[in-house]
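**Student:** Sharing final32.cif below, mmCIF, C-alpha atoms:
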```cif
data_coords
loop_
_atom_site.group_PDB
_atom_site.id
_atom_site.type_symbol
_atom_site.label_atom_id
_atom_site.label_comp_id
_atom_site.auth_asym_id
_atom_site.auth_seq_id
_atom_site.Cartn_x
_atom_site.Cartn_y
_atom_site.Cartn_z
ATOM 1 C CA MET F 191 28.236 97.172 16.459
ATOM 2 C CA ASN F 192 25.361 97.273 13.943
ATOM 3 C CA GLN F 193 25.189 96.551 10.261
ATOM 4 C CA THR F 194 25.688 100.171 9.195
ATOM 5 C CA SER F 195 28.982 100.375 11.104
ATOM 6 C CA VAL F 196 30.478 97.371 9.320
ATOM 7 C CA ARG F 197 32.579 98.818 6.506
ATOM 8 C CA LYS F 198 34.855 95.837 6.185
ATOM 9 C CA PHE F 199 35.394 92.322 7.465
ATOM 10 C CA VAL F 200 38.581 90.682 8.674
ATOM 11 C CA LEU F 201 39.358 87.187 7.381
ATOM 12 C CA LEU F 202 40.981 84.750 9.772
ATOM 13 C CA GLY F 203 43.121 83.040 7.130
ATOM 14 C CA LEU F 204 44.625 79.569 7.114
ATOM 15 C CA SER F 205 47.213 79.902 9.865
ATOM 16 C CA ASN F 206 48.980 82.395 12.105
ATOM 17 C CA ASN F 207 52.271 80.506 11.890
ATOM 18 C CA TYR F 208 54.646 82.233 9.440
ATOM 19 C CA GLY F 209 56.225 78.982 8.286
ATOM 20 C CA LEU F 210 52.830 77.436 7.585
ATOM 21 C CA GLN F 211 51.723 80.626 5.838
ATOM 22 C CA ILE F 212 54.627 80.326 3.377
ATOM 23 C CA PHE F 213 53.903 76.625 2.897
ATOM 24 C CA PHE F 214 50.199 77.208 2.234
ATOM 25 C CA PHE F 215 50.979 80.099 -0.103
ATOM 26 C CA VAL F 216 53.330 78.005 -2.259
ATOM 27 C CA VAL F 217 50.981 74.984 -2.310
ATOM 28 C CA PHE F 218 47.854 76.972 -3.181
ATOM 29 C CA LEU F 219 49.661 79.099 -5.748
ATOM 30 C CA GLY F 220 50.984 75.969 -7.449
ATOM 31 C CA MET F 221 47.573 74.298 -7.430
ATOM 32 C CA TYR F 222 45.895 77.437 -8.744
ATOM 33 C CA MET F 223 48.367 77.815 -11.627
ATOM 34 C CA VAL F 224 47.923 74.154 -12.598
ATOM 35 C CA THR F 225 44.131 74.483 -12.363
ATOM 36 C CA ILE F 226 44.082 77.509 -14.679
ATOM 37 C CA SER F 227 46.579 75.996 -17.122
ATOM 38 C CA VAL F 228 44.927 72.573 -17.440
ATOM 39 C CA ASN F 229 41.417 73.961 -17.785
ATOM 40 C CA LEU F 230 42.501 76.573 -20.336
ATOM 41 C CA LEU F 231 44.302 73.858 -22.298
ATOM 42 C CA LEU F 232 41.142 71.765 -22.365
ATOM 43 C CA ILE F 233 39.033 74.686 -23.624
ATOM 44 C CA LEU F 234 41.622 75.500 -26.292
ATOM 45 C CA VAL F 235 41.886 71.896 -27.499
ATOM 46 C CA VAL F 236 38.112 71.442 -27.717
ATOM 47 C CA THR F 237 37.684 74.775 -29.517
ATOM 48 C CA LEU F 238 40.388 74.140 -32.119
ATOM 49 C CA ASN F 239 39.724 70.465 -32.844
ATOM 50 C CA PRO F 240 36.730 69.823 -35.173
ATOM 51 C CA ARG F 241 36.478 66.192 -34.022
ATOM 52 C CA LEU F 242 35.706 67.369 -30.499
ATOM 53 C CA GLN F 243 32.732 69.526 -31.516
ATOM 54 C CA THR F 244 30.280 67.219 -29.768
ATOM 55 C CA PRO F 245 27.840 67.797 -26.861
ATOM 56 C CA MET F 246 30.060 65.942 -24.374
ATOM 57 C CA TYR F 247 33.091 68.148 -25.045
ATOM 58 C CA PHE F 248 30.932 71.263 -25.234
ATOM 59 C CA PHE F 249 29.779 70.594 -21.669
ATOM 60 C CA LEU F 250 33.340 69.743 -20.619
ATOM 61 C CA SER F 251 34.440 73.154 -21.906
ATOM 62 C CA ASN F 252 31.668 74.766 -19.863
ATOM 63 C CA LEU F 253 32.814 72.842 -16.798
ATOM 64 C CA SER F 254 36.385 74.027 -17.312
ATOM 65 C CA ALA F 255 35.251 77.643 -17.704
ATOM 66 C CA ILE F 256 33.249 77.341 -14.483
ATOM 67 C CA ASP F 257 36.230 75.788 -12.665
ATOM 68 C CA ILE F 258 38.544 78.607 -13.787
ATOM 69 C CA CYS F 259 36.107 81.272 -12.571
ATOM 70 C CA PHE F 260 35.195 79.296 -9.437
ATOM 71 C CA SER F 261 38.830 78.993 -8.353
ATOM 72 C CA SER F 262 39.523 82.612 -9.262
ATOM 73 C CA THR F 263 36.799 83.920 -6.946
ATOM 74 C CA VAL F 264 38.477 82.316 -3.932
ATOM 75 C CA VAL F 265 42.136 81.344 -4.380
ATOM 76 C CA PRO F 266 43.654 84.801 -5.171
ATOM 77 C CA LYS F 267 42.092 86.203 -1.995
ATOM 78 C CA ILE F 268 43.313 83.171 -0.026
ATOM 79 C CA LEU F 269 46.836 83.834 -1.298
ATOM 80 C CA LEU F 270 46.609 87.534 -0.426
ATOM 81 C CA VAL F 271 45.211 86.906 3.057
ATOM 82 C CA THR F 272 47.794 84.187 3.721
ATOM 83 C CA ILE F 273 50.857 86.249 2.841
ATOM 84 C CA SER F 274 49.695 89.773 3.734
ATOM 85 C CA GLN F 275 49.413 91.513 7.068
ATOM 86 C CA ASP F 276 46.191 93.171 5.924
ATOM 87 C CA LYS F 277 43.504 90.477 6.073
ATOM 88 C CA SER F 278 40.547 92.786 5.597
ATOM 89 C CA ILE F 279 37.933 92.745 2.844
ATOM 90 C CA SER F 280 35.396 95.486 2.183
ATOM 91 C CA PHE F 281 31.665 94.971 2.786
ATOM 92 C CA LEU F 282 30.965 95.218 -0.968
ATOM 93 C CA GLY F 283 33.977 93.050 -1.807
ATOM 94 C CA CYS F 284 32.754 90.373 0.584
ATOM 95 C CA ALA F 285 29.248 90.429 -0.898
ATOM 96 C CA THR F 286 30.650 90.266 -4.438
ATOM 97 C CA GLN F 287 32.916 87.347 -3.619
ATOM 98 C CA MET F 288 30.102 85.386 -1.985
ATOM 99 C CA TYR F 289 27.755 86.133 -4.893
ATOM 100 C CA PHE F 290 30.106 84.760 -7.565
ATOM 101 C CA HIS F 291 31.195 81.873 -5.352
ATOM 102 C CA LEU F 292 27.599 80.716 -4.850
ATOM 103 C CA ALA F 293 26.661 81.347 -8.490
ATOM 104 C CA LEU F 294 29.584 79.407 -9.926
ATOM 105 C CA GLY F 295 29.224 76.620 -7.370
ATOM 106 C CA GLY F 296 25.583 76.212 -8.354
ATOM 107 C CA SER F 297 26.518 76.298 -12.052
ATOM 108 C CA GLU F 298 28.958 73.448 -11.497
ATOM 109 C CA CYS F 299 26.284 71.363 -9.754
ATOM 110 C CA LEU F 300 23.883 71.827 -12.642
ATOM 111 C CA ILE F 301 26.410 71.354 -15.443
ATOM 112 C CA LEU F 302 27.558 68.060 -13.885
ATOM 113 C CA ALA F 303 23.940 66.912 -13.911
ATOM 114 C CA VAL F 304 23.596 67.951 -17.555
ATOM 115 C CA MET F 305 26.761 65.994 -18.372
ATOM 116 C CA ALA F 306 25.269 62.911 -16.731
ATOM 117 C CA PHE F 307 22.099 63.358 -18.812
ATOM 118 C CA ASP F 308 24.241 63.638 -21.948
ATOM 119 C CA ARG F 309 26.010 60.361 -21.134
ATOM 120 C CA TYR F 310 22.671 58.700 -20.368
ATOM 121 C CA THR F 311 21.324 59.761 -23.765
ATOM 122 C CA ALA F 312 24.484 58.618 -25.573
ATOM 123 C CA ILE F 313 24.585 55.166 -23.939
ATOM 124 C CA CYS F 314 20.916 54.381 -23.396
ATOM 125 C CA LYS F 315 19.488 56.035 -26.525
ATOM 126 C CA PRO F 316 22.351 55.963 -29.072
ATOM 127 C CA LEU F 317 20.117 56.020 -32.162
ATOM 128 C CA GLN F 318 18.303 59.144 -30.962
ATOM 129 C CA TYR F 319 21.357 60.875 -29.490
ATOM 130 C CA THR F 320 22.064 63.347 -32.308
ATOM 131 C CA ILE F 321 18.373 64.253 -32.555
ATOM 132 C CA ILE F 322 17.910 64.805 -28.809
ATOM 133 C CA MET F 323 21.241 66.493 -28.048
ATOM 134 C CA ASP F 324 21.210 69.009 -30.880
ATOM 135 C CA LYS F 325 23.096 72.306 -30.730
ATOM 136 C CA LYS F 326 20.031 74.313 -29.669
ATOM 137 C CA LEU F 327 19.326 72.061 -26.676
ATOM 138 C CA CYS F 328 22.988 71.953 -25.601
ATOM 139 C CA VAL F 329 23.331 75.733 -25.655
ATOM 140 C CA GLY F 330 19.971 76.105 -23.901
ATOM 141 C CA LEU F 331 20.960 73.686 -21.135
ATOM 142 C CA ALA F 332 24.325 75.381 -20.587
ATOM 143 C CA VAL F 333 22.850 78.895 -20.534
ATOM 144 C CA GLY F 334 20.044 77.692 -18.272
ATOM 145 C CA CYS F 335 22.572 76.357 -15.752
ATOM 146 C CA TRP F 336 24.284 79.738 -15.565
ATOM 147 C CA ILE F 337 21.051 81.781 -15.365
ATOM 148 C CA VAL F 338 19.398 79.656 -12.663
ATOM 149 C CA SER F 339 22.559 79.641 -10.538
ATOM 150 C CA PHE F 340 23.134 83.388 -10.772
ATOM 151 C CA ILE F 341 19.509 84.160 -9.880
ATOM 152 C CA ASN F 342 19.690 81.765 -6.920
ATOM 153 C CA SER F 343 22.949 83.345 -5.767
ATOM 154 C CA CYS F 344 21.437 86.828 -6.012
ATOM 155 C CA ILE F 345 18.637 85.826 -3.628
ATOM 156 C CA LEU F 346 20.967 84.167 -1.109
ATOM 157 C CA THR F 347 23.491 87.016 -1.160
ATOM 158 C CA PHE F 348 20.801 89.683 -0.784
ATOM 159 C CA LEU F 349 19.219 87.914 2.201
ATOM 160 C CA THR F 350 22.613 87.358 3.851
ATOM 161 C CA PHE F 351 23.800 90.963 3.615
ATOM 162 C CA GLN F 352 20.479 92.327 4.831
ATOM 163 C CA LEU F 353 21.344 90.868 8.229
ATOM 164 C CA PRO F 354 22.822 93.065 10.965
ATOM 165 C CA PHE F 355 26.392 91.880 11.657
ATOM 166 C CA CYS F 356 26.630 93.117 15.214
ATOM 167 C CA LYS F 357 28.523 90.272 16.919
ATOM 168 C CA SER F 358 31.855 90.871 15.214
ATOM 169 C CA ASN F 359 33.439 91.682 11.839
ATOM 170 C CA LEU F 360 35.933 88.810 12.180
ATOM 171 C CA ILE F 361 35.114 86.029 9.700
ATOM 172 C CA ARG F 362 36.577 82.745 10.919
ATOM 173 C CA HIS F 363 37.264 81.620 7.386
ATOM 174 C CA PHE F 364 39.672 82.464 4.573
ATOM 175 C CA PHE F 365 37.032 83.987 2.278
ATOM 176 C CA CYS F 366 33.432 85.209 2.442
ATOM 177 C CA GLU F 367 31.092 82.232 2.596
ATOM 178 C CA MET F 368 27.553 82.065 3.915
ATOM 179 C CA PRO F 369 27.915 79.807 7.031
ATOM 180 C CA PRO F 370 30.629 81.865 8.798
ATOM 181 C CA LEU F 371 28.876 85.111 7.849
ATOM 182 C CA LEU F 372 25.584 83.941 9.329
ATOM 183 C CA ARG F 373 27.357 83.294 12.639
ATOM 184 C CA LEU F 374 28.171 87.018 12.874
ATOM 185 C CA SER F 375 24.546 88.114 12.876
ATOM 186 C CA CYS F 376 22.752 88.936 16.110
ATOM 187 C CA ARG F 377 19.370 88.454 14.432
ATOM 188 C CA ASP F 378 17.558 85.120 14.272
ATOM 189 C CA ILE F 379 18.822 83.504 11.058
ATOM 190 C CA TRP F 380 16.190 80.753 10.807
ATOM 191 C CA PHE F 381 14.701 82.257 7.620
ATOM 192 C CA ASN F 382 18.140 82.453 5.959
ATOM 193 C CA GLU F 383 18.840 78.853 6.900
ATOM 194 C CA VAL F 384 15.479 77.693 5.549
ATOM 195 C CA VAL F 385 16.117 79.471 2.232
ATOM 196 C CA GLU F 386 19.643 78.046 2.137
ATOM 197 C CA TYR F 387 18.374 74.500 2.738
ATOM 198 C CA ILE F 388 15.675 74.881 0.067
ATOM 199 C CA SER F 389 18.217 76.254 -2.389
ATOM 200 C CA GLY F 390 20.652 73.446 -1.623
ATOM 201 C CA ALA F 391 17.933 70.825 -1.927
ATOM 202 C CA ILE F 392 16.781 72.113 -5.304
ATOM 203 C CA ILE F 393 20.155 72.755 -6.937
ATOM 204 C CA ALA F 394 22.720 70.528 -5.195
ATOM 205 C CA LEU F 395 20.579 67.616 -4.045
ATOM 206 C CA GLY F 396 18.293 67.749 -7.085
ATOM 207 C CA SER F 397 21.247 67.670 -9.471
ATOM 208 C CA PHE F 398 22.882 64.870 -7.514
ATOM 209 C CA LEU F 399 19.737 62.743 -7.686
ATOM 210 C CA LEU F 400 19.528 63.327 -11.438
ATOM 211 C CA ILE F 401 23.120 62.112 -11.775
ATOM 212 C CA LEU F 402 22.370 58.995 -9.733
ATOM 213 C CA VAL F 403 19.264 58.201 -11.795
ATOM 214 C CA SER F 404 21.178 58.757 -15.043
ATOM 215 C CA TYR F 405 23.999 56.449 -14.000
ATOM 216 C CA PHE F 406 21.600 53.855 -12.661
ATOM 217 C CA CYS F 407 20.054 53.670 -16.132
ATOM 218 C CA ILE F 408 23.522 53.598 -17.694
ATOM 219 C CA VAL F 409 24.560 50.685 -15.492
ATOM 220 C CA LEU F 410 21.426 48.754 -16.441
ATOM 221 C CA THR F 411 22.255 49.313 -20.100
ATOM 222 C CA VAL F 412 25.941 48.443 -19.732
ATOM 223 C CA ILE F 413 25.105 45.165 -17.984
ATOM 224 C CA LYS F 414 23.421 44.047 -21.188
ATOM 225 C CA ILE F 415 26.623 44.536 -23.205
ATOM 226 C CA ARG F 416 28.024 41.149 -24.139
ATOM 227 C CA THR F 417 31.730 42.072 -24.374
ATOM 228 C CA ALA F 418 33.413 41.979 -20.970
ATOM 229 C CA LYS F 419 36.080 44.461 -22.063
ATOM 230 C CA GLU F 420 33.519 47.062 -23.095
ATOM 231 C CA ARG F 421 31.561 46.565 -19.878
ATOM 232 C CA GLN F 422 34.680 47.039 -17.787
ATOM 233 C CA LYS F 423 35.590 50.199 -19.705
ATOM 234 C CA ALA F 424 32.121 51.652 -19.210
ATOM 235 C CA PHE F 425 32.029 50.826 -15.500
ATOM 236 C CA SER F 426 35.497 52.331 -15.042
ATOM 237 C CA THR F 427 34.317 55.589 -16.614
ATOM 238 C CA CYS F 428 31.258 55.658 -14.372
ATOM 239 C CA ALA F 429 33.364 55.020 -11.284
ATOM 240 C CA SER F 430 35.721 57.923 -12.055
ATOM 241 C CA HIS F 431 32.851 60.281 -12.776
ATOM 242 C CA LEU F 432 30.904 59.346 -9.665
ATOM 243 C CA ALA F 433 34.041 59.638 -7.510
ATOM 244 C CA VAL F 434 34.494 63.311 -8.411
ATOM 245 C CA VAL F 435 30.759 63.981 -8.269
ATOM 246 C CA SER F 436 30.591 62.433 -4.798
ATOM 247 C CA LEU F 437 33.527 64.553 -3.610
ATOM 248 C CA TYR F 438 32.037 67.775 -4.925
ATOM 249 C CA TYR F 439 28.403 67.203 -3.991
ATOM 250 C CA GLY F 440 29.301 65.601 -0.665
ATOM 251 C CA THR F 441 31.265 68.639 0.469
ATOM 252 C CA ILE F 442 28.648 71.074 -0.856
ATOM 253 C CA MET F 443 25.808 69.321 0.958
ATOM 254 C CA PHE F 444 27.874 69.007 4.147
ATOM 255 C CA MET F 445 28.532 72.750 4.139
ATOM 256 C CA HIS F 446 25.021 73.928 3.369
ATOM 257 C CA LEU F 447 22.587 71.211 4.470
ATOM 258 C CA HIS F 448 23.872 70.137 7.889
ATOM 259 C CA PRO F 449 22.595 71.798 11.118
ATOM 260 C CA ARG F 450 24.578 74.960 11.799
ATOM 261 C CA ALA F 451 25.036 74.102 15.477
ATOM 262 C CA ALA F 452 26.795 70.845 14.579
ATOM 263 C CA SER F 453 29.500 72.539 12.530
ATOM 264 C CA SER F 454 32.810 74.135 13.428
ATOM 265 C CA SER F 455 34.848 76.763 11.629
ATOM 266 C CA GLU F 456 37.783 74.314 11.316
ATOM 267 C CA GLN F 457 35.575 71.692 9.645
ATOM 268 C CA ASP F 458 34.120 74.279 7.290
ATOM 269 C CA ARG F 459 37.571 75.472 6.200
ATOM 270 C CA VAL F 460 38.821 71.955 5.442
ATOM 271 C CA VAL F 461 35.675 71.018 3.526
ATOM 272 C CA THR F 462 35.747 74.285 1.574
ATOM 273 C CA ILE F 463 39.312 73.677 0.412
ATOM 274 C CA LEU F 464 38.195 70.389 -1.127
ATOM 275 C CA TYR F 465 35.523 71.804 -3.397
ATOM 276 C CA THR F 466 37.027 75.233 -4.150
ATOM 277 C CA VAL F 467 40.668 74.262 -4.732
ATOM 278 C CA VAL F 468 41.031 70.494 -5.146
ATOM 279 C CA THR F 469 37.968 69.660 -7.260
ATOM 280 C CA PRO F 470 38.603 72.282 -10.000
ATOM 281 C CA LEU F 471 42.105 70.819 -10.298
ATOM 282 C CA LEU F 472 40.900 67.214 -10.522
ATOM 283 C CA ASN F 473 37.968 67.755 -12.896
ATOM 284 C CA PRO F 474 39.914 68.218 -16.151
ATOM 285 C CA ILE F 475 42.276 65.384 -15.226
ATOM 286 C CA ILE F 476 39.589 62.827 -14.501
ATOM 287 C CA TYR F 477 37.118 63.869 -17.172
ATOM 288 C CA SER F 478 39.476 64.798 -19.972
ATOM 289 C CA VAL F 479 43.177 64.122 -19.608
ATOM 290 C CA ARG F 480 42.463 60.382 -19.242
ATOM 291 C CA ASN F 481 40.345 60.539 -22.404
ATOM 292 C CA LYS F 482 42.140 59.162 -25.482
ATOM 293 C CA GLU F 483 40.506 61.674 -27.825
ATOM 294 C CA ILE F 484 41.613 64.608 -25.674
ATOM 295 C CA LYS F 485 45.172 63.285 -25.332
ATOM 296 C CA GLY F 486 45.344 62.667 -29.069
ATOM 297 C CA ALA F 487 44.109 66.187 -29.807
ATOM 298 C CA ILE F 488 46.686 67.686 -27.408
ATOM 299 C CA LYS F 489 49.523 65.847 -29.178
ATOM 300 C CA MET F 490 48.325 67.223 -32.523
ATOM 301 C CA GLN F 491 48.395 70.837 -31.343
#
```
As a first step, turn the structure in this file into structure tokens.

**Tutor:**
Amino acid sequence: MNQTSVRKFVLLGLSNNYGLQIFFFVVFLGMYMVTISVNLLLILVVTLNPRLQTPMYFFLSNLSAIDICFSSTVVPKILLVTISQDKSISFLGCATQMYFHLALGGSECLILAVMAFDRYTAICKPLQYTIIMDKKLCVGLAVGCWIVSFINSCILTFLTFQLPFCKSNLIRHFFCEMPPLLRLSCRDIWFNEVVEYISGAIIALGSFLLILVSYFCIVLTVIKIRTAKERQKAFSTCASHLAVVSLYYGTIMFMHLHPRAASSSEQDRVVTILYTVVTPLLNPIIYSVRNKEIKGAIKMQ
């Protein structure tokens, strides 16, 4: 089988057991509906409430938009593959899904880093905050995150689908992702892996380091606060933020930066569920629903 003969791929899915298929379908459908609803609610509240027209909530709205799109590139196909007898996906459909999945995943990495920079500026440079984080810079940062991620995804997707998939057309995964696709190629994939590692180091690892540096500076500033109650509140916020960031970035880096020979398809599927299904559900809850201003704005609607 060569690349030209591959017209479609077959996705393995989550399970071959009918009972488990129904269970997974109900669970993922419920999580997907909650993810869409909560993130849409956040966007609506921020858009309609004048008091929330600040850089922090602008970036939160961007994060919610990314999470909605990110989940929607994967979960509907998971649901279809889980419940349907036809588990195939066309060559073009597979490439399109991987392109948007990588682009939106990269956008989330970068927007989380931008959010950390925003918090650093607000806490460490409060007197200069409104001057630094003006509307022009905020829009530029958000647009830049999207553009860089989509260009990066275009390169990775192009290089992946230039490979000859001659081993099999069976993808041992529940959607089209780079690691399981690379395993299907009979060509040496060292160049693809090098590009993938460089991309991951620049976008995922680079963004993660920026978040760590930002929060390190925040912690140093918070330590100087005299009121114990305010210090505890600030540290609690940092802990929640870093918990979600660690979950998202940890799974991303595990998937794309570890040696391919050390991975297994089962590990990849479990890790992927965390950052494609669970994280988009948790983000609005941790970042926004616990926020008093957001909860107050929701009650006013």

**Student:** Restricting the calculation to all atoms listed in the file: of F:Cys366, F:Ile393, F:Leu234, F:Met246, which residue gets closest to F:Asp324?

**Tutor:**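 Using all atoms listed in the file, the shortest distance to F:Asp324 belongs to F:Met246.
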
**Student:** Could you state which residues are captured by the PyMOL selection byres ((chain F and resi 350) around 8) in this file, as a list in words?

**Tutor:**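 When the PyMOL selection byres ((chain F and resi 350) around 8) is applied to the shown file, the picked residues are Leu346, Thr347, Phe348, Leu349, Phe351, Gln352, Leu353, Met368, Leu371, Leu372 and Asn382 of chain F.
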
**Student:** Here's the selection I'm unsure about, the PyMOL selection byres ((chain F and resi 358-364) around 7); applied to the file above, which residues does it give, as a PyMOL selection string?

**Tutor:** chain F and resi 196+199-204+268+355-357+365+370-371+374+455+459

**Student:** Selected by the PyMOL selection byres ((chain F and resi 336) around 12) in the shown coordinates: which residues, as a PyMOL selection string?

**Tutor:** chain F and resi 252-253+255-256+290+292-301+304+329-335+337-343+393

**Student:** Restricting the output to C-alpha atoms, write the selected residues as an mmCIF file, in the coordinates of the input.

**Tutor:**
```
data_model
loop_
_atom_site.group_PDB
_atom_site.id
_atom_site.type_symbol
_atom_site.label_atom_id
_atom_site.label_comp_id
_atom_site.auth_asym_id
_atom_site.auth_seq_id
_atom_site.Cartn_x
_atom_site.Cartn_y
_atom_site.Cartn_z
ATOM 1 C CA ASN F 252 31.668 74.766 -19.863
ATOM 2 C CA LEU F 253 32.814 72.842 -16.798
ATOM 3 C CA ALA F 255 35.251 77.643 -17.704
ATOM 4 C CA ILE F 256 33.249 77.341 -14.483
ATOM 5 C CA PHE F 290 30.106 84.760 -7.565
ATOM 6 C CA LEU F 292 27.599 80.716 -4.850
ATOM 7 C CA ALA F 293 26.661 81.347 -8.490
ATOM 8 C CA LEU F 294 29.584 79.407 -9.926
ATOM 9 C CA GLY F 295 29.224 76.620 -7.370
ATOM 10 C CA GLY F 296 25.583 76.212 -8.354
ATOM 11 C CA SER F 297 26.518 76.298 -12.052
ATOM 12 C CA GLU F 298 28.958 73.448 -11.497
ATOM 13 C CA CYS F 299 26.284 71.363 -9.754
ATOM 14 C CA LEU F 300 23.883 71.827 -12.642
ATOM 15 C CA ILE F 301 26.410 71.354 -15.443
ATOM 16 C CA VAL F 304 23.596 67.951 -17.555
ATOM 17 C CA VAL F 329 23.331 75.733 -25.655
ATOM 18 C CA GLY F 330 19.971 76.105 -23.901
ATOM 19 C CA LEU F 331 20.960 73.686 -21.135
ATOM 20 C CA ALA F 332 24.325 75.381 -20.587
ATOM 21 C CA VAL F 333 22.850 78.895 -20.534
ATOM 22 C CA GLY F 334 20.044 77.692 -18.272
ATOM 23 C CA CYS F 335 22.572 76.357 -15.752
ATOM 24 C CA ILE F 337 21.051 81.781 -15.365
ATOM 25 C CA VAL F 338 19.398 79.656 -12.663
ATOM 26 C CA SER F 339 22.559 79.641 -10.538
ATOM 27 C CA PHE F 340 23.134 83.388 -10.772
ATOM 28 C CA ILE F 341 19.509 84.160 -9.880
ATOM 29 C CA ASN F 342 19.690 81.765 -6.920
ATOM 30 C CA SER F 343 22.949 83.345 -5.767
ATOM 31 C CA ILE F 393 20.155 72.755 -6.937
#
```

**Student:** Please report the interatomic distance between atom CA of F:Arg197 and atom CA of F:Ser262 in Å with one decimal.

**Tutor:**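 Computed distance, atom CA of F:Arg197 to atom CA of F:Ser262, equals 23.7 Å.
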
**Student:** Which of these residues is nearest to F:Ile463, using all atoms listed in the file: F:Leu282, F:Leu400, F:Ile442, F:Ile392?

**Tutor:** F:Ile442

**Student:** Figure out the distance between atom CA of F:Asn239 and atom CA of F:Met221, please, to one decimal in Å.

**Tutor:** 26.9 Å

**Student:** Hey, which of F:Tyr289, F:Phe307, F:Tyr465, F:Phe281 ends up closest to F:Val265? Count all atoms listed in the file.

**Tutor:**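 When distances to F:Val265 are compared using all atoms listed in the file, the smallest one comes from F:Tyr465.
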
**Student:** Please write out, as AutoDock Vina command-line options, where the centre of an axis-aligned box around all listed atoms of stretch 314-322 of chain F lies and how long its edges are, in Å to one decimal, after adding 6 Å on each side.

**Tutor:**
```
--center_x 20.1 --center_y 59.6 --center_z -28.0 --size_x 16.4 --size_y 22.4 --size_z 21.2
```

**Student:** Record the distance separating atom CA of F:Cys328 and atom CA of F:Phe249, expressed in Å with one decimal.

**Tutor:**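 Between atom CA of F:Cys328 and atom CA of F:Phe249 the gap works out to 8.0 Å.
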
**Student:** Between F:Pro354, F:Asn229, F:Pro240, F:His291, which has the minimum distance to F:Cys376 (counting all atoms listed in the file)?

**Tutor:**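 Among the listed residues, F:Pro354 lies closest to F:Cys376.
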
**Student:** Under the rule that only C-alpha atoms are counted, which of F:Ile313, F:Ala306, F:Val236, F:Ile345 is the nearest residue to F:Met288?

**Tutor:** F:Ile345

**Student:** Measuring between all atoms listed in the file, which one of F:Val385, F:Ile476, F:Pro470, F:Gln422 shows the shortest distance to F:Cys259?

**Tutor:** F:Pro470

**Student:** Using only C-alpha atoms - which residues lie no farther than 7 Å from the point (39.3, 72.3, -18.4) in the file's frame? Write them as a PyMOL selection string.

**Tutor:** chain F and resi 228-233+250-251+253-255+474

**Student:** Please output stretch 349-362 of chain F, rebuilt to include N, CA and C atoms, as a PDB file, keeping the file's coordinate frame.

**Tutor:**
```
ATOM      1  N   LEU F 349      19.759  88.237   0.878  1.00  0.00           N
ATOM      2  CA  LEU F 349      19.219  87.914   2.201  1.00  0.00           C
ATOM      3  C   LEU F 349      20.319  87.899   3.266  1.00  0.00           C
ATOM      4  N   THR F 350      21.508  87.423   2.895  1.00  0.00           N
ATOM      5  CA  THR F 350      22.613  87.358   3.851  1.00  0.00           C
ATOM      6  C   THR F 350      23.073  88.747   4.266  1.00  0.00           C
ATOM      7  N   PHE F 351      23.239  89.641   3.303  1.00  0.00           N
ATOM      8  CA  PHE F 351      23.800  90.963   3.615  1.00  0.00           C
ATOM      9  C   PHE F 351      22.743  91.983   4.028  1.00  0.00           C
ATOM     10  N   GLN F 352      21.499  91.510   4.181  1.00  0.00           N
ATOM     11  CA  GLN F 352      20.479  92.327   4.831  1.00  0.00           C
ATOM     12  C   GLN F 352      20.509  92.138   6.348  1.00  0.00           C
ATOM     13  N   LEU F 353      21.247  91.135   6.798  1.00  0.00           N
ATOM     14  CA  LEU F 353      21.344  90.868   8.229  1.00  0.00           C
ATOM     15  C   LEU F 353      22.215  91.907   8.919  1.00  0.00           C
ATOM     16  N   PRO F 354      21.937  92.193  10.188  1.00  0.00           N
ATOM     17  CA  PRO F 354      22.822  93.065  10.965  1.00  0.00           C
ATOM     18  C   PRO F 354      23.986  92.249  11.533  1.00  0.00           C
ATOM     19  N   PHE F 355      25.212  92.595  11.165  1.00  0.00           N
ATOM     20  CA  PHE F 355      26.392  91.880  11.657  1.00  0.00           C
ATOM     21  C   PHE F 355      26.922  92.615  12.886  1.00  0.00           C
ATOM     22  N   CYS F 356      26.307  92.360  14.018  1.00  0.00           N
ATOM     23  CA  CYS F 356      26.630  93.117  15.214  1.00  0.00           C
ATOM     24  C   CYS F 356      27.457  92.328  16.234  1.00  0.00           C
ATOM     25  N   LYS F 357      27.713  91.047  15.973  1.00  0.00           N
ATOM     26  CA  LYS F 357      28.523  90.272  16.919  1.00  0.00           C
ATOM     27  C   LYS F 357      30.006  90.586  16.745  1.00  0.00           C
ATOM     28  N   SER F 358      30.446  90.629  15.505  1.00  0.00           N
ATOM     29  CA  SER F 358      31.855  90.871  15.214  1.00  0.00           C
ATOM     30  C   SER F 358      31.998  91.090  13.718  1.00  0.00           C
ATOM     31  N   ASN F 359      33.145  91.597  13.273  1.00  0.00           N
ATOM     32  CA  ASN F 359      33.439  91.682  11.839  1.00  0.00           C
ATOM     33  C   ASN F 359      34.558  90.707  11.465  1.00  0.00           C
ATOM     34  N   LEU F 360      34.891  89.807  12.417  1.00  0.00           N
ATOM     35  CA  LEU F 360      35.933  88.810  12.180  1.00  0.00           C
ATOM     36  C   LEU F 360      35.306  87.540  11.602  1.00  0.00           C
ATOM     37  N   ILE F 361      35.616  87.236  10.363  1.00  0.00           N
ATOM     38  CA  ILE F 361      35.114  86.029   9.700  1.00  0.00           C
ATOM     39  C   ILE F 361      36.113  84.901   9.937  1.00  0.00           C
ATOM     40  N   ARG F 362      35.687  83.868  10.624  1.00  0.00           N
ATOM     41  CA  ARG F 362      36.577  82.745  10.919  1.00  0.00           C
ATOM     42  C   ARG F 362      36.640  81.799   9.719  1.00  0.00           C
TER      43      ARG F 362
END
```
